[in-house]
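All remarks here apply to the structure that follows.
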Amino acid sequence: MMDRAPSLWKKFLESFLIAGLLPLLGGSIPALWLLWQQRVEDVEARHFTLAKSIAFQIRETLKAHEVALAHMAGMLREIEELPPQQDSILRDHVQALAAQGVSIEALAILNKDQKVGRAYPEGAQLFKLDLFLRPEVRKALETGQVAYSRVQIPLGFSEPMVSIALPLGSCTVLGFIALDPLNNKIQRLALSAGEVDLILTDATGVLISHPDPLLVAQRFNLSDLPPIFEALRNNGSKLRYTRDGTTWLGASARVPELDWPVAVVERESRAAAFLGNTVLSFSVAFSGGVLLAMILATTLGARLLSPIRALSSALNRISQGNYQEKLGSPAFQELREFHLAFQKMVAELEKRESALANAAAKWQRTFDAVPDPIWLLDPQQRILRANRAACLMLGLEEEKLIGRNCFQLVHSTDAPPEDCPHTLTMQSAQAQSAEQVFEGRTLLVTTAPLKDELGNLSGLVHLAKDITERKKMEEALRQSEERYRLLVENAQDAILVAQEGFIKFVNPRVLELVGFSREELTTRPFWEFISPEDRPLVVERYKRRLQGDSTLPKSYRFRVLRATHETRWVKVRAVPILWEGREATLNFLTDITERLQREEALRQSEERYRSLVENSPDGIFMAEIPSGRISFVNNEICRMFGYTPEEALELDFWKVLPSEEIPGIRNLLREVLDGKPLPQGPLSIKATRKDGSGISLEVRVAFVHYQDRQVIQAVVRDVTEQQLLQKQLQHSQRMQALGTLAGGVAHEFNNLLASIQGFAELLRFTIREGQEGYEYIQEIISSCERAGNLTARMLSLARAEAGERYPVKVNHVIENTIKLLSQTLPPSINLELNLGGGLPFVMADPTQLEQVLLNLALNARDAMPNGGTLRFVSSLGVPEPELFRQYPHLPTGCFVEISIQDEGVGIPKEHLERIFEPFFTTKEAGKGTGLGLSVSYSIIKAHNGFILAQSPPPGEGKGSLFRVLLPPAEISQAQQPKARQEAIAPRGKGERILVGEDESRIREILGKALQTHGYNVETAPDGEKAAEAYLQAMQAGAPFQAVILDLAMPVRDGKWAMARILESDPGARVIVATGYTHEMHLEEHLRQRARALLKKPFDLAVLLRTLRECLEGPQGD
Amino acid sequence: MKCKHAGVRSFLFLGHSVLVGLFLGASIPSCNSTRDPVRIGFVGALTGRYSDLGVSGRDGVILAVEQKNRTGGLLGRPVSLLSKDDRQDPEAALEADRELLSSGVTAIVGHMTSAMSMAVLPLVNSSNTVMISPTTASALLSGKKDFFFRIYEPIDREVQSLAQWILIQEKIKRMGVIYDLNNAAFTLDYTQRFENAYRALGGQVLLTMGTEASRTNHVLRGAEKLMDFDIEAVLVVHNALDTLLILQTLRKAGWQGTPFASPWSMTKEILEQGGAAAEGLRSILPFLPDHPSPAYQEFRKAFKDRFRREPDFPALYGYEAAQVLFQAYEKARAPGLALADAILEIREFQGLQSKIVMDEFGDPRREKYPCVMRGGKLERAS
């Protein structure tokens, strides 16, 4: 195939076009380019002027801000004496300024003494800030010139601003300008300049003004923008640059007196718009030029091409063998040269023909040199050519052989034999071969077809090769192979050969193993017969074995797939071999499925027993006797004793036993070895952990043979905790019994006291003051009262009920206790308070809780006669693990903990277990009742809490630590506000309140508390005076709005006073305070008549809230 | 003849094309990128009080992208960066991420606070898009197999070191903690972990108080409340501006204790506006401003040349997050799951100051440094 050559005519046309249009393009494009350059220079010059002009206008705008700032500072100082109006006046002024484009958000006057003087707005946080540290303020102070900050979000604001520091007389004014309005004003400057973009940044390149306000708000840094970059580096310039695929024309300048760059930029494409018409004109001229060039090319082409075509016809004729063809002499010199080249080519062809004849002679010599007989036959099997060996074989010269039939010469027949390969080749046009015997020799006769130039069968080639010796060797080989085949076919192992991913050979045992047919096995890749899990392994090893990897194991195992989809485990031994001349592996497979199943069953059995022992909740171990060397331990033993399994196996059994246990155990072992039966039931033994701590055990022992030795096999149970729990239970029951006993005794004793006191009171009526015996009676009554207090405390042991409980902050309780304590503690005792923050509420009766803390604190005081530190700590947390070991009944979880620690004499260990028992005291007779701690114990227990004592405290050398653990309250959302509300003490509005209370201290406290909370208070020491005061006030026209009466008062009690007051003023608001909560009928009676009933002792906040509710309720029923 | 006319027409067309091509070639900037750019997104608070982290982080990513494009881009493709503002508002954060995803970004660098990262996590995972946060620190996001990765090591080790520093080295036993309620995903986690660690060592936290950073007065009242307690030190877990407000309030009231802050505060704002109030402020920082490593010094110079200020840790971490993304993309050559797998496959990235070694959930381990403010500069604490 000839390549398609370019058309000469088209080449002409192209040449004309180029020749015609190049001058046109050469002239027009430079002209357009020059025009464009002029335009760019104009635009750049205009932008540069514009940038400088806008920079000047920006400076003017900022100066307007400076002037406004100075003016506002003046206003601020002038109206300093009118703080409430100051903000509104200035706000109006700021709004007026904003309308003029001046936007000052805030300002502060910084006095010379480095303090912030006045500021706007009044509520701004400017007073709190270190404004003098700001760089612009420092610069203004140093230079006496106005200074600007960089763009930043100042403290106390949420949007980016710049600030101005303006020296003004003896002070400096600092103003904050929001960027958003400033940006709006600056962008308006660009609008008048057409479609250009105006960009202003601070001295670091952060945007102050940009057509996209979002970029300003996000504080984009455009210092890399070429015009900004130039203005930051040099003082501004004009330039052309490309950014994000768009070319821009820009110019920049700096704002006078500041370092802020201003850039004016415009898209180049917009500046180029004017070139559109020029390009259209140029396009029309170009099209005309193209047309003219084509006409010229057509005319010239016709004249040039005709002699070339004539030359072409002559050459065609020569190529058809007409060498005599003479070429006309062409008119053009170039074509004449072409003619001469052609003549030269004909001469070369003649030379090549001569070379061909030489080659034929060479071929004949080669033909004769072949040692095997060869002859060429025509289709009728007549000999055409015969080589020298053929002539020798047939005993005739070549000339005598030519034209004779080969079968006549070789077989001496008139027709070819039936299996003559000549005949077969002629029929099939394929090469054929056959073994024939000629004169006692075996010949391999091969015939091949000969074809003419058109591919038709024109004869054949006959080659006879003597293979007599080879046939003998083949027979010997066949017999050898037969022997090996018998060995392989009858082998016990499955034997196969794998090559190129396929099985090439299998023995019958393979077929039995997998159940597939031989054909299936040899036509599919061998890995299809391998279980998918093992395929990667087998294939990888197969490949590595073929690569000669000597590190592979000689044998390994995998699973094969049977035709029934079962899998069988086999062990394979493979060696690389050459199979049919190519690399392969010879594989011997042994079925090991049954063997593996037996091994697995044994392993599972062992695993079950091992799991039973390892996971047993009891410890199990074996130890040799009598050496005591431990030969087996389970996990539980390790956990129990704190050893790792390795450490445990190194142990001597006797070393974990305390010395006092060893003789007994040795005796027992000796007796058992002597034939005595083992004792029934478990043995109780004490042992020692790794950390040295003791452990109580129950041990069941058996004697067994293990690894051919007599060993003890022991099952061990840790009963330490159980014993501790029993001890705790016994303690708790003792406490309960003692409490009940104390309560019962106290009840009876109370009755006796009541009668003693009653009779003593009667005696006092008989024996008047001054008479003999009166003092004794007084002493009896006083003793009865003291005994009454004692029995009341004993009774509280038996009742052990908490009062009203509500969410309480323990820190408040501690603080109240501290207030009470501070008056009673000697100066030698320091109080230290560490109260945890964020503690949750606890549900408690705060009065009872205070009582507990007071008891503990007073004990601590007594324990420190020489002074020391008394430490209160509150916290939230989970008790440390050590505590759970000491107190197993302690529930897990979080507790609010109050701990009280002293540095006193401490509590002896033998007393620690008994200190919470009623009447247990170590104080001198008469100094302690032995009830304080037991009452505390009962109270905390009633609060579902725990009270624990440690002496000395952990990590300390002396003193005692009492820890009160209380569960955090699970306060629902509804309860929380209530709890907060309870803490709020509402204030009065100057109402007049009368307080009737006989106890002077309480009267004084109540009076002061109510006055502090906004009430006008008067007090009365008894019921009669209270009623009198109320009635007098009514008559005087200044009535009391409410009256608080103690129920138990001398002369006339509160009940009387209430009746008297209500008689005169049925609408009176009476609040009764009483401690007699157990008298139900009385309480009901009071509740009907009084507005409110307060149980003593009451929380002051409760009183204030109750009073407020009464006052805000309706007057009169 | 027909053929001839066709030839003439084609030549006319060729002539016009050459002419128009020549002209347009001279006037329109040529499109250099023959291939589409690789789009990556950045999202963080870019406006408002929380924007110090966002603006610095974005500047770090900008520098990384500009450098990448100068050296031939990502696998020969230019990188284009789309920035979005989440305004520290969960709704705005979701909207910003949706816009980025619909723009076809390959991956997102952001968000800059834990609260925002937690808000968008379901969206990011459902879109199978890799998000690499430079500064999300809360341990609540640890141990999750998802599309969220980060450069900042979760705070669990950091607070442990901080508690030891305060109690063992500084021997401070009574503290107050004040934290921001608006980024509670980080601040509450940080505060609680710190309190547990500090208490476990024997310290006492006398007051723990959450304030709303969006209300300046609320923050200031919180600071004043701290003065009611006898604390030797305060830990402030707020953004830089509010941390400064609190410190100035305490100092003005004459408080003499030792201030500590979470690294969240330690951005350029604290350096630029800190003044005397920030003097002595201590924090465990994820970077050292004067780290001598040549790679960091090279980055520091490039950053100062580009942004005319010193880099702070969000800027460094933004830069590193972008580098991790580039490295993973060059390995994976695809977004989505392949990109996430590539990050986990590489696991160990060379940061500018220390190695970033990720676990199988994409949570890194790396070095942190106790620092103190002296003379307006951050120095490594001795």
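Ordered as shown in the structure tokens, chains take letters A, B, and onward, while each chain numbers its residues from 1 and ligands are numbered from 1 in the order shown.
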Nearby residues (only C-alpha atoms) at most 7 Å from Glu153 (chain B), same-chain spacing under 4 positions excluded, as an MDAnalysis selection string
chainID B and resid 137 363:366
Keeping only N, CA and C atoms, write the selected residues as a compact mmCIF listing (two decimals), in the first residue's frame.
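Full text of out_35.txt as output:
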# COMPACT_ATOMS: atom_id res chain seq x y z
N ALA B 137 -9.77 18.75 70.13
CA ALA B 137 -8.94 18.13 71.16
C ALA B 137 -9.71 17.20 72.08
N ASP B 363 -6.53 8.89 65.76
CA ASP B 363 -6.24 9.82 66.86
C ASP B 363 -4.73 9.81 67.09
N PRO B 364 -4.10 10.99 67.02
CA PRO B 364 -2.65 10.99 67.05
C PRO B 364 -2.05 11.07 68.45
N ARG B 365 -0.79 10.69 68.54
CA ARG B 365 0.05 10.93 69.71
C ARG B 365 1.18 11.84 69.24
N ARG B 366 1.52 12.86 70.02
CA ARG B 366 2.65 13.70 69.65
C ARG B 366 3.13 14.48 70.87
Could you write out as a list in words the residues of chain B within 7 Å of chain A, counting only C-alpha atoms?
Leu12, Ile28, Pro29, Cys31, Leu46, Thr47, Gly48, Arg49, Gln204, Val205, Leu206, Leu207, Thr208, Thr216, Leu241, Leu245, Gln248, Thr249, Gln273, Gly275, Arg306, Phe307 and Arg308 of chain B
Writer output for current selection, C-alpha atoms, as a compact mmCIF listing (two decimals), in the first residue's frame:
# COMPACT_ATOMS: atom_id res chain seq x y z
CA LEU B 12 -10.82 29.65 5.09
CA ILE B 28 -6.95 36.22 27.14
CA PRO B 29 -4.77 34.64 29.77
CA CYS B 31 -5.57 28.37 30.92
CA LEU B 46 -13.75 32.99 60.75
CA THR B 47 -15.81 35.72 62.36
CA GLY B 48 -16.65 36.60 65.95
CA ARG B 49 -14.94 35.93 69.26
CA GLN B 204 -8.51 20.60 95.77
CA VAL B 205 -10.67 22.37 93.23
CA LEU B 206 -12.61 24.84 95.33
CA LEU B 207 -14.70 26.28 92.51
CA THR B 208 -15.57 25.11 89.02
CA THR B 216 -18.97 39.52 78.24
CA LEU B 241 -9.99 37.00 74.22
CA LEU B 245 -10.71 39.43 80.09
CA GLN B 248 -7.22 41.28 83.59
CA THR B 249 -10.22 41.23 85.92
CA GLN B 273 -3.22 41.77 73.35
CA GLY B 275 0.10 42.63 78.14
CA ARG B 306 3.33 35.70 53.75
CA PHE B 307 1.25 36.97 56.71
CA ARG B 308 3.69 39.39 58.38
Among the residues of region 124-334 of chain B, find those DSSP assigns to helix (DSSP H, G or I) from the backbone and print them as a VMD selection string.
chain B and resid 124 to 126 139 to 141 156 to 169 181 to 200 216 to 226 240 to 252 263 to 265 268 to 273 275 to 278 294 to 307 313 to 332
Quote the spacing between CA of Thr585 (chain A) and CA of Thr522 (chain A) in Å to one decimal place.
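Calculated distance between CA of Thr585 (chain A) and CA of Thr522 (chain A) is 14.5 Å.
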In Å, rounded to a single decimal, give me how far CA of Arg559 (chain A) is from CA of Arg573 (chain A).
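These atoms are spaced 14.0 Å apart.
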In Å, rounded to a single decimal, give me how far CA of Leu486 (chain A) is from CA of Glu519 (chain A).
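Distance between the two atoms: 20.3 Å.
With only C-alpha atoms as the atoms that count, the residue of B:Glu279, B:Asp85, B:Asp189, B:Glu158 with the shortest distance to Lys368 (chain B) is B:Glu158.
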Long-range neighbours of Ile186 (chain A) as a list of chain:residue names, 10 Å cut-off, only C-alpha atoms, 6 positions minimum in chain
A:Ile54, A:Ala55, A:Gln57, A:Ile58, A:Thr61, A:Gly101, A:Leu198, A:Ile199, A:Leu200, A:Ile208, A:Ser209, A:His210, A:Pro211
Just want the 12 Å neighbourhood of Thr49 (chain A), counted on only C-alpha atoms, with same-chain residues fewer than 6 positions away dropped. Output as a list of chain:residue names.
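Selected residues are A:Asp42, A:Val43, A:Ala55, A:Phe56, A:Ala193, A:Gly236, A:Ser237, A:Lys238, A:Gly250, A:Ala251, A:Ser252, A:Ala253, A:Val262, A:Ala263, A:Val264.
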Pick out the residues sitting within 7 Å of region 992-997 of chain A, and hand them over as a PyMOL selection string; count only C-alpha atoms, and ignore anything fewer than 4 positions along from it in its own chain.
chain A and resi 1003+1015-1023+1026+1040-1046+1049
Could you take the residues named above and write them with N, CA and C atoms, as a tab-separated table (two decimals), in the first residue's frame?
chain	number	residue	atom	x	y	z
A	1003	ARG	N	-34.12	36.02	121.43
A	1003	ARG	CA	-34.86	37.25	121.14
A	1003	ARG	C	-33.96	38.24	120.41
A	1015	TYR	N	-37.03	44.61	108.18
A	1015	TYR	CA	-38.22	44.75	108.99
A	1015	TYR	C	-37.97	45.71	110.16
A	1016	ASN	N	-39.05	46.26	110.67
A	1016	ASN	CA	-39.02	47.13	111.84
A	1016	ASN	C	-39.48	46.29	113.02
A	1017	VAL	N	-38.59	46.00	113.99
A	1017	VAL	CA	-38.88	44.96	114.97
A	1017	VAL	C	-38.98	45.53	116.40
A	1018	GLU	N	-39.98	45.02	117.14
A	1018	GLU	CA	-40.01	45.25	118.59
A	1018	GLU	C	-40.10	43.90	119.26
A	1019	THR	N	-39.60	43.80	120.53
A	1019	THR	CA	-39.60	42.49	121.19
A	1019	THR	C	-40.29	42.57	122.55
A	1020	ALA	N	-40.75	41.37	123.00
A	1020	ALA	CA	-41.36	41.29	124.33
A	1020	ALA	C	-40.86	40.01	124.99
A	1021	PRO	N	-40.53	40.04	126.35
A	1021	PRO	CA	-39.91	38.88	127.01
A	1021	PRO	C	-40.92	37.82	127.45
A	1022	ASP	N	-42.22	38.12	127.48
A	1022	ASP	CA	-43.20	37.08	127.85
A	1022	ASP	C	-44.51	37.34	127.13
A	1023	GLY	N	-45.48	36.41	127.31
A	1023	GLY	CA	-46.74	36.46	126.57
A	1023	GLY	C	-47.58	37.68	126.94
A	1026	ALA	N	-46.18	40.79	125.42
A	1026	ALA	CA	-46.34	40.75	123.96
A	1026	ALA	C	-47.74	41.20	123.57
A	1040	PHE	N	-48.90	46.39	114.44
A	1040	PHE	CA	-47.91	45.45	113.90
A	1040	PHE	C	-48.54	44.68	112.76
A	1041	GLN	N	-47.75	44.44	111.71
A	1041	GLN	CA	-48.28	43.66	110.59
A	1041	GLN	C	-48.24	42.16	110.88
A	1042	ALA	N	-47.34	41.77	111.79
A	1042	ALA	CA	-47.28	40.35	112.15
A	1042	ALA	C	-46.65	40.21	113.51
A	1043	VAL	N	-46.95	39.05	114.19
A	1043	VAL	CA	-46.36	38.81	115.49
A	1043	VAL	C	-45.86	37.36	115.54
A	1044	ILE	N	-44.62	37.21	116.09
A	1044	ILE	CA	-44.03	35.87	116.22
A	1044	ILE	C	-43.99	35.56	117.70
A	1045	LEU	N	-44.65	34.44	118.10
A	1045	LEU	CA	-44.76	34.13	119.53
A	1045	LEU	C	-44.12	32.79	119.83
A	1046	ASP	N	-43.26	32.78	120.87
A	1046	ASP	CA	-42.76	31.49	121.37
A	1046	ASP	C	-43.87	30.91	122.22
A	1049	MET	N	-43.48	30.40	127.32
A	1049	MET	CA	-42.93	31.65	127.89
A	1049	MET	C	-43.42	31.78	129.31
Can you check which residues of region 804-912 of chain A DSSP gives as strand (DSSP E or B) on the backbone and send them as a PyMOL selection string?
chain A and resi 806-808+829-835+842-844+868-877+895-901
Would you put the residues from that selection into a file with N, CA and C atoms, as a PDB file, in the first residue's frame?
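Once everything was written out, this is selection36.pdb:
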ATOM      1  N   TYR A 806     -34.376  17.440 103.390  1.00  0.00           N
ATOM      2  CA  TYR A 806     -34.473  18.093 102.086  1.00  0.00           C
ATOM      3  C   TYR A 806     -33.070  18.300 101.545  1.00  0.00           C
ATOM      4  N   PRO A 807     -32.984  18.667 100.253  1.00  0.00           N
ATOM      5  CA  PRO A 807     -31.633  18.792  99.674  1.00  0.00           C
ATOM      6  C   PRO A 807     -30.818  19.853 100.399  1.00  0.00           C
ATOM      7  N   VAL A 808     -29.643  19.448 100.829  1.00  0.00           N
ATOM      8  CA  VAL A 808     -28.793  20.328 101.641  1.00  0.00           C
ATOM      9  C   VAL A 808     -27.385  20.318 101.061  1.00  0.00           C
ATOM     10  N   ILE A 829      -6.248  26.237 119.231  1.00  0.00           N
ATOM     11  CA  ILE A 829      -6.680  25.319 118.162  1.00  0.00           C
ATOM     12  C   ILE A 829      -6.949  26.121 116.884  1.00  0.00           C
ATOM     13  N   ASN A 830      -6.238  25.713 115.820  1.00  0.00           N
ATOM     14  CA  ASN A 830      -6.456  26.368 114.519  1.00  0.00           C
ATOM     15  C   ASN A 830      -7.520  25.600 113.762  1.00  0.00           C
ATOM     16  N   LEU A 831      -8.393  26.354 113.121  1.00  0.00           N
ATOM     17  CA  LEU A 831      -9.415  25.710 112.275  1.00  0.00           C
ATOM     18  C   LEU A 831      -8.938  25.779 110.827  1.00  0.00           C
ATOM     19  N   GLU A 832      -8.966  24.677 110.127  1.00  0.00           N
ATOM     20  CA  GLU A 832      -8.596  24.689 108.700  1.00  0.00           C
ATOM     21  C   GLU A 832      -9.761  24.105 107.905  1.00  0.00           C
ATOM     22  N   LEU A 833     -10.079  24.771 106.824  1.00  0.00           N
ATOM     23  CA  LEU A 833     -11.302  24.413 106.092  1.00  0.00           C
ATOM     24  C   LEU A 833     -10.944  24.183 104.626  1.00  0.00           C
ATOM     25  N   ASN A 834     -11.193  23.013 104.107  1.00  0.00           N
ATOM     26  CA  ASN A 834     -11.001  22.739 102.680  1.00  0.00           C
ATOM     27  C   ASN A 834     -12.317  22.231 102.117  1.00  0.00           C
ATOM     28  N   LEU A 835     -13.070  23.121 101.529  1.00  0.00           N
ATOM     29  CA  LEU A 835     -14.405  22.711 101.062  1.00  0.00           C
ATOM     30  C   LEU A 835     -14.360  22.499  99.562  1.00  0.00           C
ATOM     31  N   VAL A 842     -27.141  16.702  99.440  1.00  0.00           N
ATOM     32  CA  VAL A 842     -27.480  15.443 100.107  1.00  0.00           C
ATOM     33  C   VAL A 842     -28.852  15.643 100.752  1.00  0.00           C
ATOM     34  N   MET A 843     -29.618  14.552 100.897  1.00  0.00           N
ATOM     35  CA  MET A 843     -30.916  14.649 101.540  1.00  0.00           C
ATOM     36  C   MET A 843     -30.650  14.523 103.047  1.00  0.00           C
ATOM     37  N   ALA A 844     -30.867  15.610 103.787  1.00  0.00           N
ATOM     38  CA  ALA A 844     -30.497  15.551 105.200  1.00  0.00           C
ATOM     39  C   ALA A 844     -31.315  16.537 106.013  1.00  0.00           C
ATOM     40  N   GLY A 868      -3.609  22.513 118.483  1.00  0.00           N
ATOM     41  CA  GLY A 868      -3.308  21.808 117.222  1.00  0.00           C
ATOM     42  C   GLY A 868      -4.237  22.307 116.129  1.00  0.00           C
ATOM     43  N   THR A 869      -4.283  21.565 115.067  1.00  0.00           N
ATOM     44  CA  THR A 869      -5.126  21.989 113.940  1.00  0.00           C
ATOM     45  C   THR A 869      -6.333  21.071 113.828  1.00  0.00           C
ATOM     46  N   LEU A 870      -7.505  21.674 113.709  1.00  0.00           N
ATOM     47  CA  LEU A 870      -8.742  20.917 113.481  1.00  0.00           C
ATOM     48  C   LEU A 870      -9.148  21.186 112.037  1.00  0.00           C
ATOM     49  N   ARG A 871      -9.214  20.112 111.247  1.00  0.00           N
ATOM     50  CA  ARG A 871      -9.354  20.269 109.803  1.00  0.00           C
ATOM     51  C   ARG A 871     -10.704  19.718 109.347  1.00  0.00           C
ATOM     52  N   PHE A 872     -11.477  20.591 108.669  1.00  0.00           N
ATOM     53  CA  PHE A 872     -12.741  20.135 108.047  1.00  0.00           C
ATOM     54  C   PHE A 872     -12.508  20.052 106.540  1.00  0.00           C
ATOM     55  N   VAL A 873     -12.867  18.928 105.942  1.00  0.00           N
ATOM     56  CA  VAL A 873     -12.703  18.784 104.482  1.00  0.00           C
ATOM     57  C   VAL A 873     -14.001  18.218 103.925  1.00  0.00           C
ATOM     58  N   SER A 874     -14.468  18.794 102.830  1.00  0.00           N
ATOM     59  CA  SER A 874     -15.627  18.190 102.153  1.00  0.00           C
ATOM     60  C   SER A 874     -15.222  17.864 100.727  1.00  0.00           C
ATOM     61  N   SER A 875     -15.733  16.772 100.216  1.00  0.00           N
ATOM     62  CA  SER A 875     -15.370  16.375  98.845  1.00  0.00           C
ATOM     63  C   SER A 875     -16.402  15.394  98.319  1.00  0.00           C
ATOM     64  N   LEU A 876     -16.270  15.120  97.039  1.00  0.00           N
ATOM     65  CA  LEU A 876     -17.146  14.122  96.402  1.00  0.00           C
ATOM     66  C   LEU A 876     -16.230  13.070  95.804  1.00  0.00           C
ATOM     67  N   GLY A 877     -16.522  11.819  96.032  1.00  0.00           N
ATOM     68  CA  GLY A 877     -15.656  10.820  95.421  1.00  0.00           C
ATOM     69  C   GLY A 877     -16.057   9.420  95.798  1.00  0.00           C
ATOM     70  N   PHE A 895     -19.850   9.131  97.079  1.00  0.00           N
ATOM     71  CA  PHE A 895     -20.358   9.692  98.327  1.00  0.00           C
ATOM     72  C   PHE A 895     -19.900  11.136  98.477  1.00  0.00           C
ATOM     73  N   VAL A 896     -20.729  11.918  99.150  1.00  0.00           N
ATOM     74  CA  VAL A 896     -20.260  13.225  99.607  1.00  0.00           C
ATOM     75  C   VAL A 896     -19.620  12.972 100.978  1.00  0.00           C
ATOM     76  N   GLU A 897     -18.368  13.375 101.092  1.00  0.00           N
ATOM     77  CA  GLU A 897     -17.639  13.018 102.317  1.00  0.00           C
ATOM     78  C   GLU A 897     -17.297  14.274 103.116  1.00  0.00           C
ATOM     79  N   ILE A 898     -17.580  14.210 104.437  1.00  0.00           N
ATOM     80  CA  ILE A 898     -17.133  15.277 105.332  1.00  0.00           C
ATOM     81  C   ILE A 898     -16.130  14.610 106.268  1.00  0.00           C
ATOM     82  N   SER A 899     -14.909  15.114 106.284  1.00  0.00           N
ATOM     83  CA  SER A 899     -13.961  14.511 107.221  1.00  0.00           C
ATOM     84  C   SER A 899     -13.471  15.559 108.221  1.00  0.00           C
ATOM     85  N   ILE A 900     -13.318  15.100 109.448  1.00  0.00           N
ATOM     86  CA  ILE A 900     -12.884  15.986 110.529  1.00  0.00           C
ATOM     87  C   ILE A 900     -11.646  15.339 111.139  1.00  0.00           C
ATOM     88  N   GLN A 901     -10.540  16.043 111.055  1.00  0.00           N
ATOM     89  CA  GLN A 901      -9.274  15.451 111.486  1.00  0.00           C
ATOM     90  C   GLN A 901      -8.641  16.330 112.554  1.00  0.00           C
TER      91      GLN A 901
END
Long-range neighbours of Ala498 (chain A) as number ranges by chain, 12 Å cut-off, only C-alpha atoms, 6 positions minimum in chain
A: 504-506, 521-527, 538-539, 542-543, 545-546, 574-580, 582-588
Name the residues in contact with Leu738 (chain A) at a cut-off of 7 Å, using only C-alpha atoms, excluding same-chain residues fewer than 4 positions from it; report them as a PDB file with N, CA and C atoms, in the first residue's frame.
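Output below, filename selection_27.pdb:
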ATOM      1  N   ARG A 734     -24.951  -5.484 118.195  1.00  0.00           N
ATOM      2  CA  ARG A 734     -24.665  -5.032 119.555  1.00  0.00           C
ATOM      3  C   ARG A 734     -25.098  -3.578 119.738  1.00  0.00           C
ATOM      4  N   ALA A 742     -30.773   1.116 125.996  1.00  0.00           N
ATOM      5  CA  ALA A 742     -30.629   2.462 126.550  1.00  0.00           C
ATOM      6  C   ALA A 742     -31.949   3.216 126.462  1.00  0.00           C
ATOM      7  N   PRO A 918     -23.053   3.019 122.878  1.00  0.00           N
ATOM      8  CA  PRO A 918     -23.581   3.945 123.890  1.00  0.00           C
ATOM      9  C   PRO A 918     -22.823   3.761 125.210  1.00  0.00           C
TER      10      PRO A 918
END
